[in-house]
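Chemist: To start, I am sharing the structure in question, which I have written as structure tokens.
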Amino acid sequence: LPWSSRTMLPVFQFDANLAPHPAVTRVIRELYPVLEDWDIALWFIEPNLWLDGATPVDLIRWRPGDVFDAARGFRYLANA
């Protein structure tokens with residue numbers, strides 16, 4: 001994400017070896033056709049009804065399939 005002439009990288013999207021976390025990559029690929037970079041970042045930190053009000057960033061490590069399903073549902077509705 002560009003910010004004040006710098007590129008900011010949210011740490012949650014990386015694993016312990018600083019490689020992109022596969023679950024996060026999968027969700028971003030699902031959202032990228034319908035959201036811009038900042039909107040994707042916001043999607044991860046806002047409460048999500050498909051996740052019973054939890055934020056995707058809080059569940060991505062423990063329930064990656066549920067977060068992906070929420071992203072897919074969002075993309076589907078955004079394209080409707």
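By convention in this document, the chains of the structure tokens carry letters A, B, ... by their order, each chain's residues are numbered from 1, and ligands are numbered from 1 in the order they are shown.
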So that I can check the surroundings of Gln13 (chain A), please list as a short mmCIF file (atom, residue, chain, number, x, y, z; two decimals) with C-alpha atoms, in the first residue's frame every protein, DNA and RNA residue that reaches within 10 Å of it, counting only C-alpha atoms and ignoring chain neighbours fewer than 4 positions away.
Modeler:
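Final file, out_22.cif:
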data_model
loop_
_atom_site.label_atom_id
_atom_site.label_comp_id
_atom_site.auth_asym_id
_atom_site.auth_seq_id
_atom_site.Cartn_x
_atom_site.Cartn_y
_atom_site.Cartn_z
CA LEU A 9 3.19 -4.05 3.88
CA LEU A 18 8.41 -13.57 5.63
CA ALA A 19 7.04 -15.47 2.64
CA PRO A 20 3.52 -14.59 1.50
CA HIS A 21 1.01 -16.63 3.49
CA PRO A 22 -0.83 -18.89 0.99
CA ALA A 23 -4.29 -18.30 2.53
CA VAL A 24 -3.87 -14.53 2.35
CA THR A 25 -2.65 -14.75 -1.26
CA ILE A 28 -6.36 -11.32 -2.25
CA VAL A 57 -7.40 -10.67 9.64
CA ILE A 60 -7.10 -15.99 8.39
CA ARG A 61 -4.66 -18.26 10.26
#
Chemist: How many Å separate CA of Val67 (chain A) from CA of Ala16 (chain A)?
Modeler: 20.1 Å
Chemist: In chain A, what's helix (DSSP H, G or I) per DSSP? Answer as number ranges by chain?
Modeler: A: 11-13, 22-31, 37-45, 49-51, 56-59, 64-79
Chemist: Name the residues of chain A that fall into strand (DSSP E) according to DSSP on the backbone, using the chain letters and numbers of this document, as a PyMOL selection string.
Modeler: chain A and resi 2-3+6-7
Chemist: Deliver the residues from the most recent selection as a file, using N, CA, C and O atoms, as a PDB file, in the first residue's frame.
Modeler:
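Final output, saved to part.pdb:
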ATOM      1  N   PRO A   2       0.668   2.157  -0.923  1.00  0.00           N
ATOM      2  CA  PRO A   2       1.447   3.397  -0.903  1.00  0.00           C
ATOM      3  C   PRO A   2       0.975   4.313   0.233  1.00  0.00           C
ATOM      4  O   PRO A   2      -0.210   4.455   0.472  1.00  0.00           O
ATOM      5  N   TRP A   3       1.939   4.904   0.936  1.00  0.00           N
ATOM      6  CA  TRP A   3       1.617   5.813   2.032  1.00  0.00           C
ATOM      7  C   TRP A   3       2.803   6.754   2.247  1.00  0.00           C
ATOM      8  O   TRP A   3       3.900   6.302   2.549  1.00  0.00           O
ATOM      9  N   ARG A   6       6.015   5.953   0.626  1.00  0.00           N
ATOM     10  CA  ARG A   6       6.573   4.671   1.048  1.00  0.00           C
ATOM     11  C   ARG A   6       5.589   3.565   0.698  1.00  0.00           C
ATOM     12  O   ARG A   6       4.413   3.812   0.497  1.00  0.00           O
ATOM     13  N   THR A   7       6.082   2.356   0.679  1.00  0.00           N
ATOM     14  CA  THR A   7       5.226   1.200   0.502  1.00  0.00           C
ATOM     15  C   THR A   7       5.080   0.501   1.844  1.00  0.00           C
ATOM     16  O   THR A   7       6.079   0.113   2.456  1.00  0.00           O
TER      17      THR A   7
END
Chemist: Hey, can you check how far CA of Ser4 (chain A) sits from CA of Ala71 (chain A)?
Modeler: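 Here the two named atoms are 28.5 Å from each other.
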Chemist: Could you tell me how far CA of Phe12 (chain A) sits from CA of Asp58 (chain A), in Å to one decimal place?
Modeler: 9.2 Å
Chemist: Set the distance at 12 Å and use only C-alpha atoms: which residues neighbour Leu49 (chain A) once local chain neighbours fewer than 4 positions away are removed? I'd like the list as number ranges by chain.
Modeler: A: 43, 53-56, 66-67, 69-71, 73-74
Chemist: Could the residues in this selection be written to a file with N, CA and C atoms, as an mmCIF file, in the first residue's frame?
Modeler:
data_model
loop_
_atom_site.group_PDB
_atom_site.id
_atom_site.type_symbol
_atom_site.label_atom_id
_atom_site.label_comp_id
_atom_site.auth_asym_id
_atom_site.auth_seq_id
_atom_site.Cartn_x
_atom_site.Cartn_y
_atom_site.Cartn_z
ATOM 1 N N TRP A 43 -11.000 -4.454 3.794
ATOM 2 C CA TRP A 43 -11.822 -5.661 3.858
ATOM 3 C C TRP A 43 -11.287 -6.605 4.931
ATOM 4 N N GLY A 53 -19.259 -11.543 12.336
ATOM 5 C CA GLY A 53 -18.806 -10.281 12.890
ATOM 6 C C GLY A 53 -17.314 -10.210 13.188
ATOM 7 N N ALA A 54 -16.609 -11.312 13.020
ATOM 8 C CA ALA A 54 -15.153 -11.296 13.223
ATOM 9 C C ALA A 54 -14.488 -10.625 12.022
ATOM 10 N N THR A 55 -13.247 -10.225 12.195
ATOM 11 C CA THR A 55 -12.512 -9.638 11.084
ATOM 12 C C THR A 55 -11.721 -10.734 10.370
ATOM 13 N N PRO A 56 -11.624 -10.644 9.060
ATOM 14 C CA PRO A 56 -10.840 -11.638 8.325
ATOM 15 C C PRO A 56 -9.398 -11.748 8.821
ATOM 16 N N ASP A 66 -12.987 -20.375 5.727
ATOM 17 C CA ASP A 66 -14.122 -19.488 5.993
ATOM 18 C C ASP A 66 -13.845 -18.084 5.465
ATOM 19 N N VAL A 67 -12.604 -17.616 5.637
ATOM 20 C CA VAL A 67 -12.251 -16.284 5.145
ATOM 21 C C VAL A 67 -12.307 -16.268 3.623
ATOM 22 N N ASP A 69 -14.203 -18.167 1.744
ATOM 23 C CA ASP A 69 -15.629 -18.195 1.389
ATOM 24 C C ASP A 69 -16.255 -16.811 1.526
ATOM 25 N N ALA A 70 -15.871 -16.070 2.555
ATOM 26 C CA ALA A 70 -16.381 -14.708 2.730
ATOM 27 C C ALA A 70 -15.913 -13.809 1.591
ATOM 28 N N ALA A 71 -14.665 -13.962 1.186
ATOM 29 C CA ALA A 71 -14.144 -13.180 0.057
ATOM 30 C C ALA A 71 -14.865 -13.537 -1.232
ATOM 31 N N GLY A 73 -17.900 -14.745 -1.503
ATOM 32 C CA GLY A 73 -19.246 -14.185 -1.408
ATOM 33 C C GLY A 73 -19.255 -12.697 -1.701
ATOM 34 N N PHE A 74 -18.272 -11.992 -1.164
ATOM 35 C CA PHE A 74 -18.173 -10.558 -1.423
ATOM 36 C C PHE A 74 -17.969 -10.286 -2.912
#
